[in-house]
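Colleague: This is the structure I have questions about; it appears just below.
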Amino acid sequence: MKREVKKKYTIGVVAEMYNIHPQTLRLYEKEGLIKPYRSKGRTRYYTEEDLKRLELVLTLSRELGVNLAGIEIILRMKEQMEEMERQIQKLLEIIQRSLREEENEEVKAIVLSSKSVVARLQDIINRHENKGD
């Protein structure tokens with residue numbers, strides 16, 4: 001079994017990639033906007049997911065002029081919406097499963113009803129044939 005290797009970037013590399021000062025990244029971390037992984041030696045490592053989140057933070061800040069408090073609120077709301085989407089998806093799966101079970105019960109009832117009708121028809125045919133004998 002092959003283990004997936006996630007790319008990790010140090011603070012200097014990330015700062016250079018996004019043309020920001022490493023201190024800005026430390027500030028974003030202090031404010032809870034990004035949460036890089038820390039090694040045992042306390043070195044910050046940023047994953048691809050961290051970079052996506054940083055890109056959103058930078059877009060909100062640079063392009064839309066949102067301050068850090070506003071960014072924090074937006075990120076929190078985004079996380080809550082994603083959690084709600086997961087819960088709605090689970091609920092839809094439960095409903096679909098329930099509907100399939102109900103459909104199965106309806107099909108079973110129809111089959112049983114059909115068997116009953118067939119049995120009654122067979123009785124009528126047998127009685128009719130026996131009358132003719």
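By convention in this document, the chains of the structure tokens carry letters A, B, ... by their order, each chain's residues are numbered from 1, and ligands are numbered from 1 in the order they are shown.
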Using only C-alpha atoms, which protein or nucleic acid residues come within 12 Å of region 63-74 of chain A? Drop anything in the same chain fewer than 4 positions from it, and give the result as a PyMOL selection string.

Modeller: chain A and resi 24+27-34+53-59+78-81

Colleague: Keeping only N, CA and C atoms, write the selected residues to a file as a short mmCIF file (atom, residue, chain, number, x, y, z; two decimals), in the first residue's frame.

Modeller:
data_model
loop_
_atom_site.label_atom_id
_atom_site.label_comp_id
_atom_site.auth_asym_id
_atom_site.auth_seq_id
_atom_site.Cartn_x
_atom_site.Cartn_y
_atom_site.Cartn_z
N THR A 24 4.34 38.64 8.49
CA THR A 24 2.91 38.69 8.16
C THR A 24 2.29 37.30 8.35
N LEU A 27 1.85 36.75 11.98
CA LEU A 27 0.70 37.50 12.45
C LEU A 27 -0.60 36.76 12.11
N TYR A 28 -0.71 36.28 10.87
CA TYR A 28 -1.90 35.53 10.46
C TYR A 28 -2.08 34.28 11.34
N GLU A 29 -0.96 33.65 11.67
CA GLU A 29 -1.04 32.48 12.55
C GLU A 29 -1.49 32.90 13.95
N LYS A 30 -0.91 33.99 14.47
CA LYS A 30 -1.27 34.48 15.81
C LYS A 30 -2.76 34.82 15.88
N GLU A 31 -3.29 35.39 14.80
CA GLU A 31 -4.71 35.76 14.74
C GLU A 31 -5.62 34.55 14.47
N GLY A 32 -5.01 33.39 14.20
CA GLY A 32 -5.80 32.17 13.96
C GLY A 32 -6.34 32.05 12.55
N LEU A 33 -5.82 32.85 11.64
CA LEU A 33 -6.30 32.81 10.26
C LEU A 33 -5.72 31.64 9.49
N ILE A 34 -4.49 31.28 9.82
CA ILE A 34 -3.85 30.09 9.24
C ILE A 34 -3.25 29.29 10.39
N ARG A 53 -5.96 28.31 1.99
CA ARG A 53 -6.56 29.20 2.99
C ARG A 53 -5.83 30.55 2.99
N LEU A 54 -4.49 30.53 2.89
CA LEU A 54 -3.71 31.76 2.82
C LEU A 54 -4.10 32.57 1.59
N GLU A 55 -4.32 31.92 0.47
CA GLU A 55 -4.72 32.62 -0.74
C GLU A 55 -6.06 33.34 -0.53
N LEU A 56 -6.98 32.69 0.17
CA LEU A 56 -8.26 33.33 0.48
C LEU A 56 -8.05 34.55 1.39
N VAL A 57 -7.21 34.38 2.40
CA VAL A 57 -6.90 35.49 3.32
C VAL A 57 -6.30 36.66 2.54
N LEU A 58 -5.36 36.36 1.67
CA LEU A 58 -4.71 37.42 0.90
C LEU A 58 -5.68 38.09 -0.07
N THR A 59 -6.55 37.32 -0.67
CA THR A 59 -7.55 37.89 -1.59
C THR A 59 -8.49 38.83 -0.83
N LYS A 78 -17.44 30.49 6.66
CA LYS A 78 -17.15 29.52 5.59
C LYS A 78 -17.07 28.11 6.17
N GLU A 79 -16.38 27.97 7.32
CA GLU A 79 -16.26 26.65 7.97
C GLU A 79 -17.63 26.15 8.42
N GLN A 80 -18.46 27.06 8.96
CA GLN A 80 -19.80 26.66 9.41
C GLN A 80 -20.65 26.23 8.22
N MET A 81 -20.53 26.93 7.10
CA MET A 81 -21.29 26.55 5.90
C MET A 81 -20.84 25.19 5.38
#

Colleague: Using DSSP assignments from the backbone, pull out every residue in region 7-122 of chain A that falls under strand (DSSP E) and give it to me as a ChimeraX atom specification.

Modeller: /A:9-10,37-38,44-46

Colleague: Print the selection's residues with N, CA and C atoms to a file, as a PDB file, in the first residue's frame.

Modeller:
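This is the output file part00.pdb:
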ATOM      1  N   TYR A   9       5.723  23.206   3.048  1.00  0.00           N
ATOM      2  CA  TYR A   9       6.552  24.357   2.725  1.00  0.00           C
ATOM      3  C   TYR A   9       6.917  25.094   4.011  1.00  0.00           C
ATOM      4  N   THR A  10       8.133  25.579   4.076  1.00  0.00           N
ATOM      5  CA  THR A  10       8.561  26.358   5.243  1.00  0.00           C
ATOM      6  C   THR A  10       8.078  27.802   5.098  1.00  0.00           C
ATOM      7  N   TYR A  37       1.369  23.442  10.388  1.00  0.00           N
ATOM      8  CA  TYR A  37       1.842  22.336  11.218  1.00  0.00           C
ATOM      9  C   TYR A  37       3.188  22.731  11.808  1.00  0.00           C
ATOM     10  N   ARG A  38       3.430  22.326  13.047  1.00  0.00           N
ATOM     11  CA  ARG A  38       4.733  22.593  13.681  1.00  0.00           C
ATOM     12  C   ARG A  38       5.463  21.273  13.897  1.00  0.00           C
ATOM     13  N   ARG A  44       7.659  25.824  11.322  1.00  0.00           N
ATOM     14  CA  ARG A  44       6.332  25.878  10.695  1.00  0.00           C
ATOM     15  C   ARG A  44       6.400  25.205   9.331  1.00  0.00           C
ATOM     16  N   TYR A  45       5.402  24.364   9.068  1.00  0.00           N
ATOM     17  CA  TYR A  45       5.265  23.756   7.746  1.00  0.00           C
ATOM     18  C   TYR A  45       3.854  23.995   7.247  1.00  0.00           C
ATOM     19  N   TYR A  46       3.750  24.485   6.032  1.00  0.00           N
ATOM     20  CA  TYR A  46       2.461  24.799   5.419  1.00  0.00           C
ATOM     21  C   TYR A  46       2.124  23.734   4.382  1.00  0.00           C
TER      22      TYR A  46
END

Colleague: For CA of Glu82 (chain A) and CA of Lys7 (chain A), quote the distance in Å rounded to one decimal.

Modeller: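 These two atoms are separated by 24.0 Å.
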
Colleague: Using DSSP secondary structure from the backbone, list all helix (DSSP H, G or I) positions within chain A, as a PyMOL selection string.

Modeller: chain A and resi 11-18+22-30+48-63+68-132

Colleague: Between CA of Ile94 (chain A) and CA of Leu112 (chain A), measure the distance and give it in Å to one decimal.

Modeller: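 Pair CA of Ile94 (chain A) / CA of Leu112 (chain A) returns 26.9 Å.
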